[in-house]
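Chemist: Structure file final_10.cif (mmCIF, C-alpha atoms) is given on the next line.
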data_entry
#
loop_
_atom_site.label_atom_id
_atom_site.label_comp_id
_atom_site.auth_asym_id
_atom_site.auth_seq_id
_atom_site.Cartn_x
_atom_site.Cartn_y
_atom_site.Cartn_z
CA MET A 1 0.00 0.00 0.00
CA THR A 2 0.99 3.64 -0.49
CA GLN A 3 2.77 4.94 2.61
CA ASN A 4 3.08 8.48 3.92
CA THR A 5 5.74 9.81 6.24
CA ASN A 6 3.70 12.70 7.61
CA THR A 7 0.33 12.58 9.36
CA ALA A 8 0.11 16.32 10.10
CA VAL A 9 -1.81 18.63 7.79
CA PRO A 10 0.76 20.42 5.62
CA ASP A 11 1.12 24.19 5.72
CA TRP A 12 -0.24 24.95 2.24
CA ALA A 13 0.62 28.64 2.48
CA GLN A 14 4.24 27.77 3.22
CA ILE A 15 4.36 25.27 0.35
CA ARG A 16 2.98 27.97 -1.92
CA ALA A 17 5.62 30.43 -0.70
CA GLU A 18 8.26 27.80 -1.51
CA THR A 19 6.96 27.48 -5.09
CA PRO A 20 8.57 30.43 -6.92
CA GLY A 21 6.28 30.37 -9.95
CA THR A 22 3.25 31.34 -7.86
CA ALA A 23 4.72 34.81 -7.29
CA GLU A 24 4.54 35.72 -10.97
CA ARG A 25 1.47 33.98 -12.33
CA LEU A 26 -1.87 32.40 -11.49
CA HIS A 27 -1.18 28.92 -12.80
CA LEU A 28 -4.25 26.80 -13.64
CA ASP A 29 -2.66 24.38 -16.09
CA ASN A 30 -1.37 21.79 -13.64
CA CYS A 31 -2.78 18.85 -15.57
CA GLY A 32 -0.46 20.05 -18.33
CA SER A 33 2.61 20.84 -16.23
CA SER A 34 2.82 21.95 -12.61
CA LEU A 35 5.04 24.53 -10.99
CA LEU A 36 8.18 23.27 -9.27
CA HIS A 37 8.70 23.40 -5.51
CA MET A 38 12.00 24.98 -4.44
CA SER A 39 13.28 21.63 -3.15
CA VAL A 40 12.94 20.16 -6.65
CA ILE A 41 14.62 23.15 -8.26
CA THR A 42 17.48 23.06 -5.76
CA ARG A 43 18.06 19.33 -6.19
CA MET A 44 18.26 19.64 -9.97
CA LYS A 45 20.49 22.72 -9.83
CA THR A 46 22.87 20.98 -7.44
CA HIS A 47 23.26 17.99 -9.72
CA PHE A 48 23.60 20.16 -12.82
CA GLU A 49 26.43 22.03 -11.12
CA LEU A 50 28.04 18.67 -10.31
CA GLU A 51 27.83 17.72 -13.98
CA ILE A 52 29.43 21.03 -14.95
CA ALA A 53 32.30 20.38 -12.54
CA LEU A 54 32.82 16.65 -13.07
CA GLY A 55 31.05 15.62 -16.27
CA GLY A 56 27.90 13.56 -16.50
CA TYR A 57 29.35 10.12 -15.83
CA VAL A 58 31.32 11.02 -12.72
CA ALA A 59 28.38 13.06 -11.39
CA GLN A 60 26.20 9.99 -11.89
CA GLU A 61 28.68 7.82 -10.02
CA ARG A 62 28.77 10.28 -7.11
CA THR A 63 24.96 10.15 -6.77
CA ALA A 64 24.49 6.41 -7.40
CA ASP A 65 22.78 5.73 -4.07
CA GLU A 66 20.25 8.53 -4.57
CA ILE A 67 19.60 7.42 -8.14
CA GLU A 68 18.89 3.93 -6.84
CA GLY A 69 16.57 5.45 -4.26
CA PHE A 70 14.30 6.73 -7.02
CA TYR A 71 12.90 3.23 -7.51
CA ALA A 72 12.02 2.83 -3.84
CA SER A 73 10.34 6.26 -3.74
CA ALA A 74 8.33 5.65 -6.92
CA ALA A 75 7.31 2.20 -5.70
CA ARG A 76 6.05 3.61 -2.39
CA LEU A 77 4.01 6.24 -4.20
CA ILE A 78 1.94 3.64 -6.06
CA GLY A 79 2.17 0.62 -3.74
CA ALA A 80 4.58 -1.38 -5.89
CA LYS A 81 7.99 -3.03 -5.48
CA PRO A 82 11.17 -1.25 -6.61
CA ALA A 83 11.90 -4.04 -9.10
CA GLU A 84 8.56 -3.28 -10.79
CA ILE A 85 9.52 0.33 -11.65
CA ALA A 86 11.29 1.59 -14.76
CA LEU A 87 12.40 5.16 -15.43
CA THR A 88 11.25 6.52 -18.80
CA SER A 89 11.43 9.79 -20.69
CA SER A 90 7.69 10.42 -20.31
CA ALA A 91 4.37 8.75 -19.53
CA VAL A 92 3.81 8.19 -23.25
CA ASP A 93 7.23 6.52 -23.49
CA ALA A 94 6.31 4.27 -20.54
CA TRP A 95 2.90 3.40 -21.95
CA THR A 96 4.26 2.70 -25.45
CA LYS A 97 7.00 0.43 -24.12
CA ALA A 98 4.42 -1.59 -22.22
CA PHE A 99 1.91 -1.74 -25.07
CA TYR A 100 4.38 -2.80 -27.76
CA SER A 101 5.92 -5.44 -25.51
CA LEU A 102 2.85 -7.55 -26.27
CA ASP A 103 3.24 -9.79 -29.30
CA TRP A 104 0.09 -8.68 -31.08
CA GLN A 105 -1.61 -11.20 -33.37
CA ALA A 106 -4.36 -10.85 -35.97
CA GLY A 107 -7.84 -11.27 -34.54
CA GLU A 108 -6.91 -10.21 -31.00
CA THR A 109 -8.90 -7.36 -29.44
CA ILE A 110 -8.17 -4.33 -27.31
CA VAL A 111 -10.88 -3.12 -24.95
CA THR A 112 -10.69 0.59 -24.20
CA ALA A 113 -13.15 3.40 -23.43
CA TYR A 114 -14.89 6.35 -25.06
CA ASN A 115 -12.60 8.90 -23.38
CA GLU A 116 -9.24 7.35 -24.34
CA TYR A 117 -6.30 9.69 -24.91
CA CYS A 118 -4.97 10.36 -28.41
CA SER A 119 -1.44 8.94 -28.02
CA ASN A 120 -2.85 5.62 -26.80
CA TYR A 121 -5.50 5.44 -29.50
CA VAL A 122 -2.90 6.12 -32.17
CA ALA A 123 -1.10 2.97 -31.00
CA TYR A 124 -4.36 0.97 -31.15
CA LEU A 125 -4.91 2.11 -34.73
CA ASP A 126 -1.31 1.27 -35.54
CA VAL A 127 -1.58 -2.39 -34.47
CA ALA A 128 -5.04 -2.58 -36.03
CA GLU A 129 -3.54 -1.52 -39.37
CA LYS A 130 -0.33 -3.55 -39.15
CA LYS A 131 -1.45 -6.65 -37.25
CA GLY A 132 -5.18 -6.97 -37.81
CA VAL A 133 -6.02 -6.26 -34.17
CA LYS A 134 -9.60 -5.14 -33.39
CA ILE A 135 -10.52 -2.21 -31.14
CA ARG A 136 -13.58 -2.39 -28.90
CA VAL A 137 -14.72 0.80 -27.19
CA ALA A 138 -16.76 0.80 -23.99
CA ARG A 139 -19.40 3.51 -24.16
CA SER A 140 -20.30 6.18 -21.65
CA ASP A 141 -23.19 5.70 -19.28
CA PRO A 142 -26.14 8.08 -19.93
CA ALA A 143 -25.89 9.15 -16.29
CA GLY A 144 -22.22 10.01 -16.78
CA GLY A 145 -18.98 8.08 -16.56
CA LEU A 146 -18.07 4.71 -18.00
CA ASP A 147 -20.63 1.98 -18.68
CA TYR A 148 -18.88 -0.82 -16.78
CA GLU A 149 -21.34 -3.51 -17.78
CA HIS A 150 -20.81 -2.67 -21.42
CA LEU A 151 -17.04 -2.83 -20.92
CA ALA A 152 -17.27 -6.24 -19.25
CA GLY A 153 -19.43 -7.47 -22.12
CA LEU A 154 -16.74 -6.52 -24.63
CA VAL A 155 -14.18 -8.81 -22.98
CA ASP A 156 -13.98 -12.33 -24.38
CA SER A 157 -11.45 -15.00 -25.36
CA SER A 158 -10.01 -12.75 -28.09
CA THR A 159 -9.20 -9.91 -25.69
CA ARG A 160 -5.47 -9.41 -25.31
CA LEU A 161 -5.56 -6.21 -23.30
CA ILE A 162 -7.85 -3.88 -21.35
CA SER A 163 -6.34 -0.40 -21.66
CA LEU A 164 -7.87 2.73 -20.12
CA SER A 165 -7.00 6.23 -18.99
CA HIS A 166 -7.64 6.66 -15.26
CA VAL A 167 -8.60 10.34 -15.57
CA SER A 168 -9.68 11.88 -18.85
CA SER A 169 -7.33 14.55 -20.22
CA SER A 170 -10.31 16.62 -21.39
CA SER A 171 -12.48 16.52 -18.27
CA GLY A 172 -12.59 15.50 -14.64
CA ASP A 173 -14.04 12.11 -15.55
CA VAL A 174 -12.50 9.35 -13.38
CA ILE A 175 -12.92 5.65 -14.08
CA ASP A 176 -13.41 3.15 -11.27
CA ALA A 177 -10.07 1.46 -11.87
CA VAL A 178 -10.65 -1.08 -9.09
CA ARG A 179 -13.83 -2.27 -10.77
CA VAL A 180 -12.07 -2.57 -14.12
CA GLY A 181 -9.21 -4.39 -12.42
CA ALA A 182 -11.68 -6.96 -11.07
CA THR A 183 -13.11 -7.43 -14.58
CA ALA A 184 -9.61 -7.94 -15.97
CA LYS A 185 -8.67 -10.41 -13.24
CA ALA A 186 -11.85 -12.45 -13.71
CA ALA A 187 -11.17 -12.70 -17.45
CA GLN A 188 -7.40 -13.24 -16.93
CA VAL A 189 -6.68 -10.35 -19.29
CA PRO A 190 -3.79 -7.89 -18.70
CA PHE A 191 -4.84 -4.40 -17.61
CA LEU A 192 -2.79 -1.36 -18.68
CA LEU A 193 -3.71 1.83 -16.81
CA ASP A 194 -2.70 5.25 -18.09
CA ALA A 195 -2.32 7.09 -14.78
CA CYS A 196 -0.74 10.19 -16.28
CA GLN A 197 -3.42 12.46 -14.77
CA SER A 198 -4.10 10.52 -11.56
CA VAL A 199 -0.73 9.79 -9.94
CA GLY A 200 -0.01 12.78 -7.73
CA GLN A 201 -3.60 13.99 -7.87
CA MET A 202 -5.15 11.10 -5.95
CA PRO A 203 -4.03 7.96 -4.12
CA VAL A 204 -3.11 5.25 -6.62
CA ASP A 205 -2.28 1.75 -5.39
CA VAL A 206 -1.54 -0.85 -8.04
CA GLY A 207 -2.30 -3.73 -5.68
CA THR A 208 -5.74 -2.39 -4.83
CA ILE A 209 -6.49 -1.55 -8.46
CA GLY A 210 -5.20 -4.84 -9.83
CA CYS A 211 -3.53 -3.37 -12.91
CA ASP A 212 -0.63 -5.24 -14.47
CA MET A 213 1.00 -2.18 -16.03
CA LEU A 214 0.78 1.55 -15.31
CA SER A 215 2.30 4.65 -16.86
CA ALA A 216 2.80 7.97 -15.07
CA THR A 217 4.60 11.26 -15.51
CA SER A 218 6.62 13.64 -13.38
CA ARG A 219 5.41 16.97 -14.75
CA LYS A 220 1.71 16.95 -13.91
CA PHE A 221 0.27 16.50 -10.41
CA VAL A 222 3.47 14.98 -8.98
CA ALA A 223 4.90 18.47 -9.62
CA GLY A 224 8.26 17.32 -10.91
CA PRO A 225 10.26 18.31 -13.99
CA ARG A 226 9.22 17.76 -17.57
CA GLY A 227 10.95 15.09 -19.67
CA VAL A 228 10.76 12.12 -17.31
CA GLY A 229 8.16 9.49 -16.41
CA MET A 230 7.84 5.96 -15.09
CA LEU A 231 6.47 2.55 -15.94
CA TYR A 232 5.11 0.04 -13.47
CA MET A 233 5.07 -3.56 -14.63
CA SER A 234 4.13 -6.29 -12.18
CA GLU A 235 6.57 -9.15 -11.66
CA ALA A 236 4.03 -11.58 -13.13
CA MET A 237 3.52 -9.42 -16.22
CA ARG A 238 7.23 -8.87 -16.64
CA ALA A 239 7.70 -12.65 -16.92
CA ARG A 240 5.28 -12.62 -19.87
CA THR A 241 6.77 -9.72 -21.84
CA THR A 242 9.90 -8.84 -23.78
CA PRO A 243 10.84 -5.24 -24.64
CA ALA A 244 10.04 -4.48 -28.27
CA MET A 245 13.34 -2.61 -28.61
CA PRO A 246 15.90 -3.90 -26.07
CA THR A 247 18.90 -1.73 -25.24
CA ASN A 248 22.16 -2.22 -23.38
CA GLN A 249 20.12 -1.42 -20.26
CA SER A 250 17.67 -4.23 -21.09
CA ALA A 251 20.34 -6.88 -21.45
CA VAL A 252 24.06 -7.55 -21.08
CA TRP A 253 26.10 -8.64 -24.11
CA SER A 254 27.33 -11.71 -22.25
CA GLY A 255 29.12 -13.50 -25.11
CA THR A 256 29.94 -13.05 -28.76
CA ASN A 257 26.53 -14.33 -29.80
CA THR A 258 24.57 -14.17 -26.55
CA ILE A 259 22.78 -11.68 -24.32
CA GLU A 260 21.63 -11.95 -20.72
CA ARG A 261 18.25 -10.25 -20.31
CA ARG A 262 17.18 -8.35 -17.23
CA THR A 263 14.23 -9.83 -15.39
CA ASP A 264 13.02 -6.68 -13.62
CA ALA A 265 11.11 -3.70 -15.02
CA ARG A 266 14.34 -1.86 -15.78
CA ALA A 267 14.56 -4.04 -18.88
CA PHE A 268 12.36 -1.29 -20.39
CA GLU A 269 14.80 1.50 -19.60
CA ALA A 270 17.42 3.15 -21.77
CA TRP A 271 20.94 3.56 -20.41
CA GLU A 272 21.07 7.21 -21.41
CA ARG A 273 18.86 9.48 -19.31
CA SER A 274 18.94 12.84 -17.58
CA VAL A 275 20.09 12.07 -14.03
CA MET A 276 19.19 15.65 -13.13
CA LEU A 277 15.56 15.03 -14.11
CA GLN A 278 15.52 11.65 -12.38
CA LEU A 279 16.66 13.24 -9.13
CA GLY A 280 14.15 16.06 -9.55
CA PHE A 281 11.40 13.48 -10.09
CA LYS A 282 12.51 11.61 -6.96
CA GLN A 283 12.44 14.82 -4.92
CA ALA A 284 8.91 15.63 -6.13
CA ILE A 285 7.74 12.12 -5.21
CA ASP A 286 9.40 12.38 -1.81
CA ASN A 287 7.58 15.69 -1.28
CA SER A 288 4.24 14.02 -1.94
CA LEU A 289 5.09 11.19 0.42
CA HIS A 290 6.24 13.61 3.12
CA TRP A 291 3.19 15.87 2.84
CA GLY A 292 0.92 12.82 2.67
CA VAL A 293 -0.70 11.49 -0.50
CA GLU A 294 -4.16 11.61 1.06
CA ALA A 295 -3.63 15.18 2.32
CA VAL A 296 -2.42 16.32 -1.09
CA SER A 297 -5.37 14.62 -2.75
CA ALA A 298 -7.85 16.23 -0.36
CA ARG A 299 -6.33 19.67 -0.94
CA ILE A 300 -6.43 19.34 -4.73
CA SER A 301 -10.01 18.05 -4.57
CA ASP A 302 -11.03 20.99 -2.38
CA ARG A 303 -9.48 23.46 -4.84
CA ALA A 304 -11.30 21.78 -7.73
CA LYS A 305 -14.65 21.82 -5.94
CA ARG A 306 -14.30 25.50 -5.12
CA LEU A 307 -13.61 26.25 -8.79
CA ARG A 308 -16.46 24.05 -10.05
CA ASP A 309 -18.94 25.59 -7.65
CA GLY A 310 -17.81 29.10 -8.56
CA LEU A 311 -18.04 28.49 -12.29
CA ALA A 312 -21.51 26.94 -11.88
CA SER A 313 -22.73 30.25 -10.44
CA LEU A 314 -21.70 32.24 -13.53
CA ASP A 315 -24.20 32.72 -16.35
CA CYS A 316 -21.42 33.18 -18.92
CA VAL A 317 -20.11 29.61 -18.41
CA ARG A 318 -21.29 26.34 -19.96
CA PRO A 319 -19.68 23.31 -18.30
CA THR A 320 -18.37 20.63 -20.68
CA CYS A 321 -17.31 18.00 -18.15
CA PRO A 322 -19.58 14.91 -18.12
CA PRO A 323 -22.09 14.63 -15.24
CA GLY A 324 -20.43 13.50 -12.04
CA ALA A 325 -16.92 14.54 -13.04
CA GLU A 326 -15.02 15.46 -9.88
CA ALA A 327 -11.28 15.38 -10.62
CA ALA A 328 -9.15 18.51 -10.77
CA ILE A 329 -9.51 18.84 -14.53
CA ILE A 330 -12.38 21.22 -15.26
CA THR A 331 -13.58 22.11 -18.73
CA PHE A 332 -16.08 24.71 -19.87
CA GLN A 333 -16.95 27.11 -22.67
CA HIS A 334 -17.44 30.85 -22.39
CA ALA A 335 -20.44 32.72 -23.74
CA ARG A 336 -18.43 35.61 -25.22
CA LEU A 337 -15.03 34.15 -26.13
CA SER A 338 -13.81 31.09 -27.98
CA PRO A 339 -11.51 28.81 -25.94
CA GLN A 340 -8.49 30.15 -27.84
CA ASP A 341 -9.50 33.79 -27.29
CA PHE A 342 -10.31 33.08 -23.64
CA LYS A 343 -6.82 31.63 -23.15
CA ALA A 344 -5.28 34.75 -24.72
CA TRP A 345 -7.46 37.01 -22.54
CA MET A 346 -6.32 35.24 -19.39
CA ASP A 347 -2.68 35.12 -20.48
CA ALA A 348 -2.68 38.89 -20.88
CA ARG A 349 -3.76 39.10 -17.24
CA GLY A 350 -1.13 36.72 -15.91
CA ILE A 351 -3.41 33.70 -15.67
CA GLY A 352 -2.49 30.40 -17.29
CA VAL A 353 -5.26 28.17 -18.65
CA GLN A 354 -5.26 25.63 -21.47
CA VAL A 355 -7.43 24.58 -24.42
CA ALA A 356 -8.54 20.95 -24.79
CA SER A 357 -9.10 19.97 -28.40
CA VAL A 358 -11.14 17.24 -30.05
CA VAL A 359 -7.86 15.72 -31.28
CA HIS A 360 -6.93 14.85 -27.68
CA THR A 361 -9.98 12.73 -26.78
CA ARG A 362 -11.77 12.53 -30.11
CA LEU A 363 -14.32 9.80 -29.32
CA ASP A 364 -15.67 11.68 -26.31
CA LEU A 365 -15.58 15.28 -27.51
CA GLU A 366 -16.70 14.54 -31.07
CA ALA A 367 -19.73 12.61 -29.82
CA ARG A 368 -20.71 15.63 -27.72
CA GLY A 369 -20.16 18.11 -30.54
CA ILE A 370 -17.21 19.82 -28.85
CA GLU A 371 -14.39 21.01 -31.10
CA SER A 372 -12.48 22.70 -28.28
CA THR A 373 -13.05 23.71 -24.69
CA ILE A 374 -11.33 25.67 -21.93
CA ARG A 375 -9.41 23.49 -19.45
CA ILE A 376 -8.29 24.50 -15.97
CA SER A 377 -6.63 22.45 -13.24
CA PRO A 378 -5.63 23.67 -9.74
CA HIS A 379 -2.96 22.29 -7.42
CA ILE A 380 -2.13 22.38 -3.72
CA TYR A 381 -0.63 25.88 -4.03
CA THR A 382 -3.75 27.39 -5.64
CA SER A 383 -5.04 29.89 -3.06
CA ASP A 384 -8.56 31.06 -2.26
CA ASP A 385 -7.63 34.55 -3.42
CA GLU A 386 -6.45 33.18 -6.76
CA ILE A 387 -9.67 31.26 -7.26
CA ASP A 388 -11.71 34.36 -6.48
CA ARG A 389 -9.57 36.42 -8.85
CA PHE A 390 -9.95 33.89 -11.64
CA LEU A 391 -13.74 33.74 -11.25
CA SER A 392 -13.92 37.53 -11.38
CA GLU A 393 -11.89 37.54 -14.60
CA VAL A 394 -14.15 34.86 -16.10
CA GLN A 395 -17.13 37.11 -15.40
CA ARG A 396 -15.42 40.10 -17.03
CA ALA A 397 -13.85 38.25 -19.96
CA GLY A 398 -14.79 39.62 -23.38
CA GLN A 399 -16.60 42.68 -22.08
#
Would you kindly transcribe this structure into structure tokens?
Modeler:
Amino acid sequence: MTQNTNTAVPDWAQIRAETPGTAERLHLDNCGSSLLHMSVITRMKTHFELEIALGGYVAQERTADEIEGFYASAARLIGAKPAEIALTSSAVDAWTKAFYSLDWQAGETIVTAYNEYCSNYVAYLDVAEKKGVKIRVARSDPAGGLDYEHLAGLVDSSTRLISLSHVSSSSGDVIDAVRVGATAKAAQVPFLLDACQSVGQMPVDVGTIGCDMLSATSRKFVAGPRGVGMLYMSEAMRARTTPAMPTNQSAVWSGTNTIERRTDARAFEAWERSVMLQLGFKQAIDNSLHWGVEAVSARISDRAKRLRDGLASLDCVRPTCPPGAEAAIITFQHARLSPQDFKAWMDARGIGVQVASVVHTRLDLEARGIESTIRISPHIYTSDDEIDRFLSEVQRAGQ
């Protein structure tokens, strides 16, 4: 299970004060990339200075124990074992390495959902075109969220993989991953969970969920640097997979015509990586563990609810999140400004928001007639005053 090292309620105002970016800008694009805490910045700067002085290889040697500690920290965050964690260059890199490790055969099926993310769906279409794999999409429930009975009905003897995004990139829609995990276990089908938007935002425990593989990133709600992510692959799943593109990190060239393959998840790593980013990622994870995953989750959820409630009171706003969406990804359209113009309006006032496009979650947004929508996402350092200021600017926008 996920473990925390701090049971006290964190001092959110202090954490905000220790996040330099908050002094210059009202940042509401945390599901895109969060602001860095000073501890993360300092750790990366220190290692970069070491690389300047000693070169990358010697700097890596000097920090070998801390580099190794990344795997223990990441494992604690999601309730895994260190041997089940691989460092990757991004969540997409992690997900792709897991997906293409399966030896896809014609006639096999992938079961996914209506709100799947574009990078994952591109891979489905790729194996469909190249291998003759079929894609089955679980529909949304009329009351909101995923139709779990429909999903279960799509799983049969041809199903090679159940693959879903935990939290939709274009709304606060959250799937019941534990329920899907039970469906996967009953059918003895591997379950790949894209947790890019959930790890760091909410407690995620791979044992409780029952997923076999999981991808996550540093830059979103974990509040680490961009350009680094991680892959979880269970020991049982690792025994059934081979990296599609092995590297000298995946295996040792043990003889002239032989290699000795790694048996842990690091078989999916590349030797070359940014140690600076890896240490920054570790520091961000350690921050979450120290502050308490549940406390961080509760704070983010509170910020999101305050924003949702405030937007619901404005007559110039039309929500575009599905009914029941509660995660800290909030989407809406404005009566007077297009999403693109709204973003520009806010940017001119020192407020960062984002635009979610139909190309990101096409099946969901296209079915609802949404070409683009405004997307906001708070974090632990988002203050009450900032929320009030943002809501006031929403009311004034375009006038």
Chemist: At what distance in Å, to one decimal, does atom CA of Pro322 of chain A lie from atom CA of Arg219 of chain A?
Modeler: 25.3 Å
Chemist: For the point (-15.6, 31.0, -22.0) in file coordinates, what residues are within 8 Å, counting all atoms listed in the file? Give the answer as a short mmCIF file (atom, residue, chain, number, x, y, z; two decimals) with C-alpha atoms, in the coordinates of the input?
Modeler:
data_model
loop_
_atom_site.label_atom_id
_atom_site.label_comp_id
_atom_site.auth_asym_id
_atom_site.auth_seq_id
_atom_site.Cartn_x
_atom_site.Cartn_y
_atom_site.Cartn_z
CA CYS A 316 -21.42 33.18 -18.92
CA VAL A 317 -20.11 29.61 -18.41
CA ARG A 318 -21.29 26.34 -19.96
CA PHE A 332 -16.08 24.71 -19.87
CA GLN A 333 -16.95 27.11 -22.67
CA HIS A 334 -17.44 30.85 -22.39
CA ALA A 335 -20.44 32.72 -23.74
CA ARG A 336 -18.43 35.61 -25.22
CA LEU A 337 -15.03 34.15 -26.13
CA SER A 338 -13.81 31.09 -27.98
CA PRO A 339 -11.51 28.81 -25.94
CA PHE A 342 -10.31 33.08 -23.64
CA ILE A 374 -11.33 25.67 -21.93
CA VAL A 394 -14.15 34.86 -16.10
CA ALA A 397 -13.85 38.25 -19.96
#
Chemist: Identify all residues satisfying the PyMOL selection byres ((chain A and resi 43-45) around 10) in the given file; provide them as a PyMOL selection string.
Modeler: chain A and resi 38-42+46-51+225+275-284
Chemist: Mind pulling up the distance from atom CA of Leu314 of chain A to atom CA of Glu24 of chain A?
Modeler: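 Value for the atom CA of Glu24 of chain A-atom CA of Leu314 of chain A distance: 26.6 Å.
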Chemist: Pick out the closest residue to Ile285 of chain A from this set: A:Ala128, A:Cys31, A:Ala75, A:Ile52. Count all atoms listed in the file.
Modeler: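 When distances to Ile285 of chain A are compared using all atoms listed in the file, the smallest one comes from A:Ala75.
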Chemist: Could you tell me which residues the PyMOL selection byres ((chain A and resi 268) around 10) returns for this structure, as a PyMOL selection string?
Modeler: chain A and resi 85-88+93-94+97-98+101+231+233+238+242-247+249-251+262+264-267+269-271
Chemist: When you look at segment 164-170 of chain A with a cut-off of 6 Å (counting only C-alpha atoms), what residues show up, excluding the ones that are within fewer than 5 positions of it in the same chain? I need them as an mmCIF file with C-alpha atoms, keeping the file's coordinate frame.
Modeler:
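The resulting out_27.cif:
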data_model
loop_
_atom_site.group_PDB
_atom_site.id
_atom_site.type_symbol
_atom_site.label_atom_id
_atom_site.label_comp_id
_atom_site.auth_asym_id
_atom_site.auth_seq_id
_atom_site.Cartn_x
_atom_site.Cartn_y
_atom_site.Cartn_z
ATOM 1 C CA THR A 112 -10.690 0.590 -24.200
ATOM 2 C CA GLU A 116 -9.240 7.350 -24.340
ATOM 3 C CA ILE A 175 -12.920 5.650 -14.080
ATOM 4 C CA LEU A 193 -3.710 1.830 -16.810
ATOM 5 C CA ASP A 194 -2.700 5.250 -18.090
ATOM 6 C CA ALA A 195 -2.320 7.090 -14.780
ATOM 7 C CA GLN A 197 -3.420 12.460 -14.770
ATOM 8 C CA ALA A 356 -8.540 20.950 -24.790
#
Chemist: Of the candidates A:Leu26, A:Ala177, A:Ile15, A:Ile162, which one gets nearest to Ala348 of chain A if we count only C-alpha atoms?
Modeler: A:Leu26
Chemist: Excluding same-chain residues fewer than 5 positions from Gly32 of chain A, what lies within 12 Å of it counting all atoms listed in the file, as a VMD selection string?
Modeler: chain A and resid 27 169 to 170 196 to 197 217 to 226 328 to 329 352 to 356 375 to 379
Chemist: Once 4 Å is added on each side, what are the centre and the three edge lengths, in Å to one decimal, of the axis-aligned box enclosing the listed atoms of segment 8-19 of chain A? Present them as lines of an AutoDock Vina configuration file.
Modeler:
center_x = 3.2
center_y = 23.4
center_z = 2.5
size_x = 18.1
size_y = 22.1
size_z = 23.2
Chemist: Go ahead and compute the interatomic distance for atom CA of Phe390 of chain A and atom CA of Ala17 of chain A, in Å to one decimal.
Modeler: 19.3 Å
Chemist: Check which residues of segment 246-332 of chain A sit at most 8 Å from segment 145-159 of chain A using all atoms listed in the file, and return one row each with the closest pair of atoms and their distance in Å to one decimal, ordered by chain and rising number, as a tab-separated table.
Modeler:
residue	atom	partner	partner_atom	distance
A:Pro322	CA	A:Gly145	CA	7.0
A:Pro323	CA	A:Gly145	CA	7.4
A:Gly324	CA	A:Gly145	CA	7.2
A:Ala325	CA	A:Gly145	CA	7.6
Chemist: Would you translate the PyMOL selection byres ((chain A and resi 370) around 10) into the concrete set of residues it matches in this file, as a list in words?
Modeler: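 Those residues are Thr320, Gln333, Ala356, Ser357, Val358, Arg362, Asp364, Leu365, Glu366, Ala367, Arg368, Gly369, Glu371, Ser372 and Thr373 of chain A.
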Chemist: Can I get a file of segment 254-272 of chain A from the given structure, C-alpha atoms kept, as a compact mmCIF listing (two decimals), in the first residue's frame?
Modeler:
# COMPACT_ATOMS: atom_id res chain seq x y z
CA SER A 254 27.33 -11.71 -22.25
CA GLY A 255 29.12 -13.50 -25.11
CA THR A 256 29.94 -13.05 -28.76
CA ASN A 257 26.53 -14.33 -29.80
CA THR A 258 24.57 -14.17 -26.55
CA ILE A 259 22.78 -11.68 -24.32
CA GLU A 260 21.63 -11.95 -20.72
CA ARG A 261 18.25 -10.25 -20.31
CA ARG A 262 17.18 -8.35 -17.23
CA THR A 263 14.23 -9.83 -15.39
CA ASP A 264 13.02 -6.68 -13.62
CA ALA A 265 11.11 -3.70 -15.02
CA ARG A 266 14.34 -1.86 -15.78
CA ALA A 267 14.56 -4.04 -18.88
CA PHE A 268 12.36 -1.29 -20.39
CA GLU A 269 14.80 1.50 -19.60
CA ALA A 270 17.42 3.15 -21.77
CA TRP A 271 20.94 3.56 -20.41
CA GLU A 272 21.07 7.21 -21.41
